[in-house]
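Here's protein-v1.txt, which has compact mmCIF, C-alpha atoms:
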```txt
# COMPACT_ATOMS: atom_id res chain seq x y z
CA MET A 1 -188.64 -55.70 12.26
CA MET A 2 -189.04 -55.52 16.05
CA ARG A 3 -185.77 -54.78 17.82
CA GLU A 4 -184.93 -56.84 20.86
CA GLN A 5 -184.82 -53.81 23.19
CA GLU A 6 -188.52 -53.01 22.61
CA PRO A 7 -189.53 -54.07 26.17
CA TYR A 8 -187.57 -51.10 27.55
CA SER A 9 -188.23 -48.53 24.86
CA ASP A 10 -189.71 -46.21 27.53
CA LEU A 11 -186.31 -46.10 29.27
CA THR A 12 -184.53 -45.63 25.94
CA ASP A 13 -186.74 -42.61 25.28
CA LEU A 14 -185.85 -41.16 28.68
CA PHE A 15 -182.12 -41.57 28.01
CA THR A 16 -182.47 -40.09 24.53
CA ALA A 17 -184.35 -37.09 25.90
CA GLU A 18 -181.59 -36.58 28.45
CA ASP A 19 -178.89 -36.77 25.77
CA ARG A 20 -180.70 -34.28 23.55
CA LYS A 21 -180.23 -31.60 26.20
CA LEU A 22 -176.47 -31.66 25.57
CA ASP A 23 -175.35 -28.65 23.51
CA PRO A 24 -173.64 -30.01 20.37
CA ALA A 25 -171.96 -26.83 19.08
CA PRO A 26 -169.02 -26.46 21.54
CA PHE A 27 -168.34 -30.19 21.50
CA VAL A 28 -168.28 -30.40 17.70
CA GLN A 29 -166.00 -27.34 17.63
CA ASP A 30 -163.61 -28.93 20.14
CA VAL A 31 -163.45 -32.19 18.19
CA MET A 32 -162.91 -30.52 14.82
CA GLY A 33 -160.35 -28.13 16.37
CA GLY A 34 -158.45 -31.12 17.74
CA ILE A 35 -158.49 -32.79 14.34
CA ARG A 36 -157.17 -29.64 12.62
CA ARG A 37 -154.45 -29.17 15.25
CA LYS A 38 -153.29 -32.77 14.79
CA ALA A 39 -153.27 -32.40 11.00
CA LEU A 40 -151.27 -29.17 11.27
CA MET A 41 -148.75 -30.77 13.64
CA ARG A 42 -148.38 -33.71 11.26
CA ARG A 43 -147.76 -31.39 8.32
CA VAL A 44 -145.22 -29.32 10.26
CA LEU A 45 -143.42 -32.48 11.43
CA LEU A 46 -143.34 -33.98 7.94
CA GLY A 47 -142.17 -30.65 6.47
CA ALA A 48 -139.41 -30.34 9.07
CA VAL A 49 -138.21 -33.91 8.51
CA GLY A 50 -138.35 -33.44 4.73
CA LEU A 51 -136.43 -30.17 4.95
CA ALA A 52 -133.79 -31.75 7.18
CA GLY A 53 -133.45 -34.65 4.74
CA ALA A 54 -133.16 -32.30 1.77
CA SER A 55 -130.49 -30.25 3.58
CA VAL A 56 -128.42 -33.34 4.35
CA ALA A 57 -128.79 -34.53 0.74
CA ALA A 58 -127.79 -31.09 -0.59
CA MET A 59 -124.68 -31.12 1.58
CA GLN A 60 -123.72 -34.59 0.36
CA LEU A 61 -124.47 -33.84 -3.32
CA PRO A 62 -120.92 -32.82 -4.40
CA LYS A 63 -119.49 -36.04 -2.92
CA LEU A 64 -122.22 -38.13 -4.56
CA LEU A 65 -121.59 -36.52 -7.96
CA SER A 66 -117.86 -37.06 -7.82
CA GLY A 67 -118.41 -40.70 -6.81
CA TRP A 68 -120.88 -41.16 -9.67
CA THR A 69 -118.40 -39.83 -12.24
CA GLY A 70 -115.83 -42.43 -11.16
CA LEU A 71 -118.45 -45.17 -11.12
CA ASP A 72 -119.70 -44.18 -14.55
CA LEU A 73 -116.22 -44.50 -16.04
CA ALA A 74 -115.60 -47.83 -14.35
CA LEU A 75 -118.90 -49.23 -15.61
CA THR A 76 -118.32 -48.08 -19.18
CA LYS A 77 -114.85 -49.62 -19.17
CA SER A 78 -116.18 -52.95 -17.83
CA VAL A 79 -118.91 -53.15 -20.49
CA VAL A 80 -116.46 -52.37 -23.31
CA ASP A 81 -113.96 -54.93 -21.98
CA ALA A 82 -116.68 -57.59 -21.65
CA SER A 83 -117.90 -57.08 -25.21
CA LYS A 84 -114.31 -57.26 -26.48
CA ASP A 85 -113.73 -60.51 -24.57
CA ALA A 86 -117.02 -61.97 -25.92
CA SER A 87 -116.13 -61.15 -29.51
CA LEU A 88 -112.63 -62.62 -29.03
CA LEU A 89 -114.17 -65.78 -27.58
CA SER A 90 -116.54 -66.18 -30.50
CA THR A 91 -113.74 -65.77 -33.07
CA VAL A 92 -111.70 -68.46 -31.33
CA ASP A 93 -114.59 -70.98 -31.22
CA PRO A 94 -117.97 -70.32 -33.00
CA LEU A 95 -119.60 -72.88 -30.70
CA TRP A 96 -119.74 -70.20 -27.99
CA LEU A 97 -122.04 -68.16 -30.25
CA ALA A 98 -124.43 -71.12 -30.44
CA VAL A 99 -124.28 -71.58 -26.63
CA GLY A 100 -125.00 -67.87 -26.14
CA GLY A 101 -127.92 -68.07 -28.57
CA VAL A 102 -129.48 -71.07 -26.80
CA VAL A 103 -129.12 -69.40 -23.38
CA THR A 104 -130.73 -66.19 -24.69
CA LEU A 105 -133.61 -68.08 -26.31
CA SER A 106 -134.18 -70.09 -23.11
CA LEU A 107 -134.30 -66.91 -21.03
CA LEU A 108 -136.77 -65.32 -23.44
CA ALA A 109 -138.96 -68.43 -23.35
CA ILE A 110 -138.97 -68.52 -19.53
CA THR A 111 -139.81 -64.79 -19.36
CA THR A 112 -142.70 -65.21 -21.78
CA TRP A 113 -143.97 -68.26 -19.87
CA GLU A 114 -143.87 -66.41 -16.54
CA ARG A 115 -145.77 -63.44 -17.94
CA THR A 116 -148.67 -65.52 -19.23
CA MET B 1 -180.38 -36.05 4.21
CA ARG B 2 -177.19 -37.99 3.48
CA SER B 3 -176.71 -41.37 5.13
CA ASP B 4 -173.99 -42.11 7.67
CA PRO B 5 -172.06 -44.47 5.33
CA ASP B 6 -172.04 -41.78 2.60
CA LEU B 7 -170.70 -39.19 5.03
CA ALA B 8 -168.14 -41.67 6.35
CA GLU B 9 -166.96 -42.36 2.80
CA ASP B 10 -166.43 -38.64 2.20
CA ALA B 11 -164.71 -38.29 5.56
CA ALA B 12 -162.38 -41.16 4.66
CA GLN B 13 -161.37 -39.11 1.61
CA GLY B 14 -160.50 -36.19 3.88
CA SER B 15 -163.74 -34.20 4.02
CA GLU B 16 -163.80 -32.44 7.39
CA ALA B 17 -167.30 -31.07 6.70
CA ALA B 18 -168.68 -34.60 6.28
CA TYR B 19 -167.01 -35.72 9.47
CA ALA B 20 -168.28 -32.68 11.38
CA GLU B 21 -171.81 -33.70 10.35
CA LEU B 22 -171.21 -37.21 11.66
CA VAL B 23 -169.94 -35.80 14.95
CA ARG B 24 -173.01 -33.55 15.18
CA ARG B 25 -175.33 -36.50 14.59
CA HIS B 26 -173.74 -38.92 17.05
CA GLN B 27 -172.26 -36.66 19.75
CA ALA B 28 -175.29 -36.90 22.06
CA ARG B 29 -175.31 -40.70 22.01
CA VAL B 30 -171.54 -41.01 22.53
CA ARG B 31 -171.34 -38.30 25.20
CA GLY B 32 -174.31 -39.82 27.02
CA MET B 33 -172.72 -43.25 26.88
CA ALA B 34 -169.31 -42.01 28.09
CA ARG B 35 -170.87 -39.94 30.89
CA ARG B 36 -172.85 -42.95 32.08
CA LEU B 37 -169.87 -45.28 31.95
CA THR B 38 -167.60 -42.91 33.88
CA GLY B 39 -170.28 -41.41 36.12
CA SER B 40 -168.82 -37.97 35.41
CA ALA B 41 -169.77 -35.33 32.85
CA SER B 42 -166.24 -33.98 32.39
CA ASP B 43 -164.54 -37.40 32.16
CA GLY B 44 -167.32 -38.55 29.87
CA ASP B 45 -166.86 -35.62 27.50
CA ASP B 46 -163.09 -36.21 27.48
CA ILE B 47 -163.65 -39.83 26.46
CA ALA B 48 -166.23 -38.80 23.85
CA GLN B 49 -163.72 -36.34 22.37
CA LEU B 50 -160.98 -38.99 22.27
CA THR B 51 -163.50 -41.34 20.67
CA PHE B 52 -164.21 -38.97 17.78
CA LEU B 53 -160.50 -38.18 17.32
CA LYS B 54 -159.73 -41.91 17.15
CA ALA B 55 -162.70 -42.49 14.81
CA TRP B 56 -161.34 -39.80 12.43
CA GLN B 57 -158.03 -41.68 12.26
CA LYS B 58 -159.81 -45.00 11.70
CA ILE B 59 -162.65 -43.81 9.48
CA GLY B 60 -161.17 -45.68 6.54
CA THR B 61 -161.77 -48.97 8.37
CA TYR B 62 -165.52 -48.33 8.71
CA THR B 63 -167.06 -50.79 6.28
CA GLY B 64 -170.72 -49.79 6.46
CA GLY B 65 -173.34 -51.12 8.84
CA THR B 66 -174.58 -49.23 11.88
CA PHE B 67 -172.35 -46.22 12.40
CA SER B 68 -173.60 -45.79 15.98
CA ALA B 69 -172.50 -49.34 16.88
CA TRP B 70 -169.08 -48.69 15.31
CA ILE B 71 -168.54 -45.41 17.18
CA CYS B 72 -169.88 -46.84 20.45
CA THR B 73 -167.39 -49.70 20.20
CA ILE B 74 -164.56 -47.17 19.90
CA CYS B 75 -166.00 -45.29 22.88
CA TRP B 76 -166.08 -48.49 24.94
CA ARG B 77 -162.39 -49.16 24.12
CA GLU B 78 -161.41 -45.60 25.03
CA TYR B 79 -163.23 -46.02 28.35
CA LEU B 80 -161.35 -49.25 29.06
CA GLN B 81 -158.04 -47.54 28.24
CA LEU B 82 -158.82 -44.67 30.61
CA ARG B 83 -159.72 -47.13 33.36
CA ARG B 84 -156.43 -48.97 32.92
CA LYS B 85 -154.52 -45.67 33.03
CA GLN B 86 -156.39 -44.47 36.12
CA LYS B 87 -155.69 -47.70 37.98
CA ILE B 88 -151.98 -47.37 37.28
CA GLU B 89 -151.98 -43.71 38.34
CA ILE B 90 -153.79 -44.46 41.60
CA GLU B 91 -151.32 -47.23 42.39
CA PHE B 92 -148.34 -44.93 42.01
CA ASP B 93 -149.85 -41.70 43.33
CA GLU B 94 -149.66 -41.70 47.14
CA THR B 95 -151.52 -38.38 47.43
CA ALA B 96 -154.49 -39.54 45.36
CA GLU B 97 -156.64 -40.31 48.39
CA ILE B 98 -156.12 -37.08 50.31
CA ILE B 99 -156.67 -34.62 47.46
CA PRO B 100 -160.39 -33.80 47.35
CA PHE B 101 -162.03 -34.22 43.96
CA GLU B 102 -162.72 -30.80 42.49
CA ARG B 103 -166.26 -30.77 41.17
CA THR B 104 -166.95 -28.71 38.09
CA GLN B 105 -170.17 -27.03 37.07
CA SER B 106 -170.70 -29.64 34.36
CA ASP B 107 -170.47 -32.37 37.01
CA GLU B 108 -173.19 -30.67 39.02
CA VAL B 109 -175.35 -30.58 35.91
CA GLY B 110 -174.57 -34.28 35.50
CA ASP B 111 -175.70 -34.95 39.08
CA GLN B 112 -179.10 -33.59 38.23
CA MET B 113 -179.74 -36.48 35.89
CA ASP B 114 -181.97 -38.91 37.80
CA LEU B 115 -181.36 -41.68 35.34
CA THR B 116 -177.61 -41.37 35.69
CA ASN B 117 -177.93 -41.49 39.47
CA ALA B 118 -180.11 -44.57 39.25
CA LEU B 119 -177.57 -46.14 36.87
CA GLN B 120 -174.78 -45.68 39.42
CA LYS B 121 -176.68 -47.96 41.80
CA LEU B 122 -176.47 -50.91 39.41
CA THR B 123 -173.60 -53.40 39.39
CA GLU B 124 -170.85 -52.45 36.97
CA ALA B 125 -171.71 -55.16 34.44
CA GLN B 126 -175.39 -54.21 34.54
CA ARG B 127 -174.52 -50.52 34.14
CA VAL B 128 -172.35 -51.24 31.12
CA CYS B 129 -174.98 -53.41 29.44
CA VAL B 130 -177.85 -51.03 30.18
CA THR B 131 -175.75 -48.08 28.95
CA LEU B 132 -174.89 -49.83 25.70
CA CYS B 133 -178.23 -51.48 24.91
CA VAL B 134 -180.87 -49.31 26.56
CA ALA B 135 -179.28 -45.85 26.50
CA ALA B 136 -177.06 -46.01 23.40
CA GLY B 137 -179.55 -48.20 21.51
CA LEU B 138 -177.17 -50.98 20.49
CA SER B 139 -178.63 -54.43 19.90
CA HIS B 140 -177.60 -57.19 22.28
CA ARG B 141 -175.45 -58.66 19.52
CA GLU B 142 -173.72 -55.33 18.86
CA ALA B 143 -173.07 -54.86 22.58
CA ALA B 144 -171.68 -58.39 22.84
CA ASP B 145 -169.38 -57.71 19.88
CA ALA B 146 -168.23 -54.40 21.36
CA THR B 147 -167.47 -55.73 24.84
CA GLY B 148 -166.37 -59.21 23.85
CA TRP B 149 -168.81 -60.68 26.39
CA PRO B 150 -171.04 -63.66 25.54
CA LEU B 151 -174.44 -62.75 24.09
CA GLY B 152 -176.34 -64.57 26.87
CA THR B 153 -174.38 -62.69 29.53
CA VAL B 154 -175.20 -59.35 27.92
CA LYS B 155 -178.90 -60.25 27.69
CA SER B 156 -179.16 -61.30 31.32
CA HIS B 157 -177.27 -58.21 32.56
CA VAL B 158 -179.59 -56.01 30.50
CA MET B 159 -182.75 -57.64 31.84
CA ARG B 160 -181.59 -57.56 35.47
CA GLY B 161 -180.25 -54.04 35.05
CA VAL B 162 -183.53 -52.81 33.56
CA ASP B 163 -185.50 -54.34 36.44
CA ALA B 164 -183.19 -52.77 39.02
CA LEU B 165 -183.27 -49.43 37.20
CA ARG B 166 -187.07 -49.38 37.19
CA LYS B 167 -187.10 -50.14 40.94
CA HIS B 168 -184.60 -47.36 41.71
CA LEU B 169 -186.51 -44.87 39.58
CA ALA B 170 -189.81 -45.83 41.20
CA SER B 171 -188.37 -45.50 44.69
CA SER B 172 -186.83 -42.09 43.90
CA GLN B 173 -190.19 -40.88 42.59
CA VAL B 174 -191.95 -42.08 45.77
CA ALA B 175 -189.33 -40.33 47.90
```
Written form, structure tokens:
Amino acid sequence: MMREQEPYSDLTDLFTAEDRKLDPAPFVQDVMGGIRRKALMRRVLLGAVGLAGASVAAMQLPKLLSGWTGLDLALTKSVVDASKDASLLSTVDPLWLAVGGVVTLSLLAITTWERT
Amino acid sequence: MRSDPDLAEDAAQGSEAAYAELVRRHQARVRGMARRLTGSASDGDDIAQLTFLKAWQKIGTYTGGTFSAWICTICWREYLQLRRKQKIEIEFDETAEIIPFERTQSDEVGDQMDLTNALQKLTEAQRVCVTLCVAAGLSHREAADATGWPLGTVKSHVMRGVDALRKHLASSQVA
């Protein structure tokens, strides 16, 4: 296929010949050096930020662990209490068991429907 | 020899060797284009270097097609950015006019290029269009896409620019 710049291909050849005189080696080295320097800086920056974050987390770890222990106990207590209340409710009126069953089945049906 | 899209794909996955090959292949075109747009060898090489650094960051966005058109579009944008920066600097730098421009050896080499000298005599729009289409080898459509100018405008600037360039070259040969 003829390209539309054919009428001035003589000038294109002159420009190309002029460009070929440019020495590629130092330029390519400069570009690749710049790319490596940027990559190194990025790695150093990310490493420094990561290290700083890890240090802060390490300093806060004892507090976090103590908080978690309290939270763990509170959660366990709530779950046990809730199951006790539910069983009490069902012994008082068995209708609650049927309501619970219908709600559970409905939720399962909706979940299955949404997945397909 | 591996194609440009293949090398670009490898470069997008982090291969510096593949990218270095792409730089080697296209550096002459991009440096020539940047030198002609700026009218200076050192400024042109700076823009060409920024172009390839930017292209490395954006290599993942290259979706095939003519690699030279893609890289020349980035070069054109870098040139526009430099121009905007220079205008702002000149506006705020009161000493800009009295400090003589220090010419480097590479600029003197650049001055020896007859074609570049003839290009400087064209209007700016003609110089841009001739640089993109005639020197860098982009199609009119690719140049229109890169600059955002209408296709007809690019075509007419190229034709007028080529005519003027031929006249300037002929007159310099007579002289």
Q | Proximity to Ser40 (chain B) - best of B:Leu138, B:Asp145, B:Asp163, B:Asn117, all atoms listed in the file | A |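 Between B:Leu138, B:Asp145, B:Asp163, B:Asn117, the residue approaching Ser40 (chain B) most closely is B:Asn117.
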Given all atoms listed in the file, how would the per-residue table for chain A near chain B read, listing every residue at most 8 Å away with its closest atom pair and distance in Å to one decimal, sorted by chain and number, as a Markdown table?
```
| residue | atom | partner | partner_atom | distance |
| --- | --- | --- | --- | --- |
| A:Arg3 | CA | B:Ser139 | CA | 7.4 |
| A:Glu4 | CA | B:Ser139 | CA | 6.8 |
| A:Gln5 | CA | B:Val134 | CA | 6.9 |
| A:Tyr8 | CA | B:Val134 | CA | 7.0 |
| A:Ser9 | CA | B:Val134 | CA | 7.6 |
| A:Leu11 | CA | B:Val134 | CA | 6.9 |
| A:Thr12 | CA | B:Val134 | CA | 5.2 |
| A:Phe15 | CA | B:Ala135 | CA | 5.4 |
| A:Thr16 | CA | B:Ala135 | CA | 6.9 |
| A:Glu18 | CA | B:Met113 | CA | 7.7 |
| A:Asp19 | CA | B:Ala28 | CA | 5.2 |
| A:Arg20 | CA | B:Ala28 | CA | 6.2 |
| A:Leu22 | CA | B:Ala28 | CA | 6.4 |
| A:Pro24 | CA | B:Arg24 | CA | 6.3 |
| A:Ala25 | CA | B:Arg24 | CA | 7.8 |
| A:Phe27 | CA | B:Gln49 | CA | 7.7 |
| A:Val28 | CA | B:Arg24 | CA | 6.2 |
| A:Asp30 | CA | B:Gln49 | CA | 7.7 |
| A:Val31 | CA | B:Gln49 | CA | 5.9 |
| A:Met32 | CA | B:Ala20 | CA | 6.7 |
| A:Gly34 | CA | B:Leu53 | CA | 7.4 |
| A:Ile35 | CA | B:Leu53 | CA | 6.5 |
```
Q) With only C-alpha atoms as the basis for distance, which of B:Leu119, B:Ala164, B:Gly60, B:Leu37 is at the shortest distance from Arg83 (chain B)? A)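 Among the listed residues, B:Leu37 lies closest to Arg83 (chain B).
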Q: Might you pull out every residue within 12 Å of region 99-115 of chain A, with all atoms listed in the file counted and same-chain residues fewer than 4 positions away left off, and present them as a VMD selection string?
A: chain A and resid 86 to 87 89 to 90 93 to 95
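Here the question is which of B:Ile47, B:Ala143, B:Leu169, B:Gly161 gets nearest to Thr123 (chain B) using all atoms listed in the file, and that residue is B:Gly161.
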Can you fill out region 37-49 of chain B with N, CA and C atoms and hand it back as an mmCIF file, in the frame of the given file?
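Saved to part.cif:
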```cif
data_model
loop_
_atom_site.group_PDB
_atom_site.id
_atom_site.type_symbol
_atom_site.label_atom_id
_atom_site.label_comp_id
_atom_site.auth_asym_id
_atom_site.auth_seq_id
_atom_site.Cartn_x
_atom_site.Cartn_y
_atom_site.Cartn_z
ATOM 1 N N LEU B 37 -170.894 -44.284 31.609
ATOM 2 C CA LEU B 37 -169.870 -45.280 31.950
ATOM 3 C C LEU B 37 -168.945 -44.744 33.049
ATOM 4 N N THR B 38 -168.555 -43.478 32.919
ATOM 5 C CA THR B 38 -167.600 -42.910 33.880
ATOM 6 C C THR B 38 -168.294 -42.393 35.136
ATOM 7 N N GLY B 39 -169.566 -42.017 34.995
ATOM 8 C CA GLY B 39 -170.280 -41.410 36.120
ATOM 9 C C GLY B 39 -169.899 -39.964 36.312
ATOM 10 N N SER B 40 -169.254 -39.367 35.308
ATOM 11 C CA SER B 40 -168.820 -37.970 35.410
ATOM 12 C C SER B 40 -168.977 -37.272 34.059
ATOM 13 N N ALA B 41 -169.542 -36.058 34.101
ATOM 14 C CA ALA B 41 -169.770 -35.330 32.850
ATOM 15 C C ALA B 41 -168.453 -34.938 32.179
ATOM 16 N N SER B 42 -167.490 -34.450 33.001
ATOM 17 C CA SER B 42 -166.240 -33.980 32.390
ATOM 18 C C SER B 42 -165.402 -35.143 31.859
ATOM 19 N N ASP B 43 -165.278 -36.217 32.647
ATOM 20 C CA ASP B 43 -164.540 -37.400 32.160
ATOM 21 C C ASP B 43 -165.229 -37.990 30.936
ATOM 22 N N GLY B 44 -166.556 -38.011 30.986
ATOM 23 C CA GLY B 44 -167.320 -38.550 29.870
ATOM 24 C C GLY B 44 -167.083 -37.770 28.593
ATOM 25 N N ASP B 45 -167.084 -36.439 28.698
ATOM 26 C CA ASP B 45 -166.860 -35.620 27.500
ATOM 27 C C ASP B 45 -165.425 -35.788 26.980
ATOM 28 N N ASP B 46 -164.481 -35.963 27.911
ATOM 29 C CA ASP B 46 -163.090 -36.210 27.480
ATOM 30 C C ASP B 46 -163.008 -37.496 26.665
ATOM 31 N N ILE B 47 -163.668 -38.538 27.171
ATOM 32 C CA ILE B 47 -163.650 -39.830 26.460
ATOM 33 C C ILE B 47 -164.371 -39.697 25.115
ATOM 34 N N ALA B 48 -165.489 -38.971 25.107
ATOM 35 C CA ALA B 48 -166.230 -38.800 23.850
ATOM 36 C C ALA B 48 -165.358 -38.076 22.816
ATOM 37 N N GLN B 49 -164.599 -37.081 23.286
ATOM 38 C CA GLN B 49 -163.720 -36.340 22.370
ATOM 39 C C GLN B 49 -162.613 -37.251 21.818
#
```
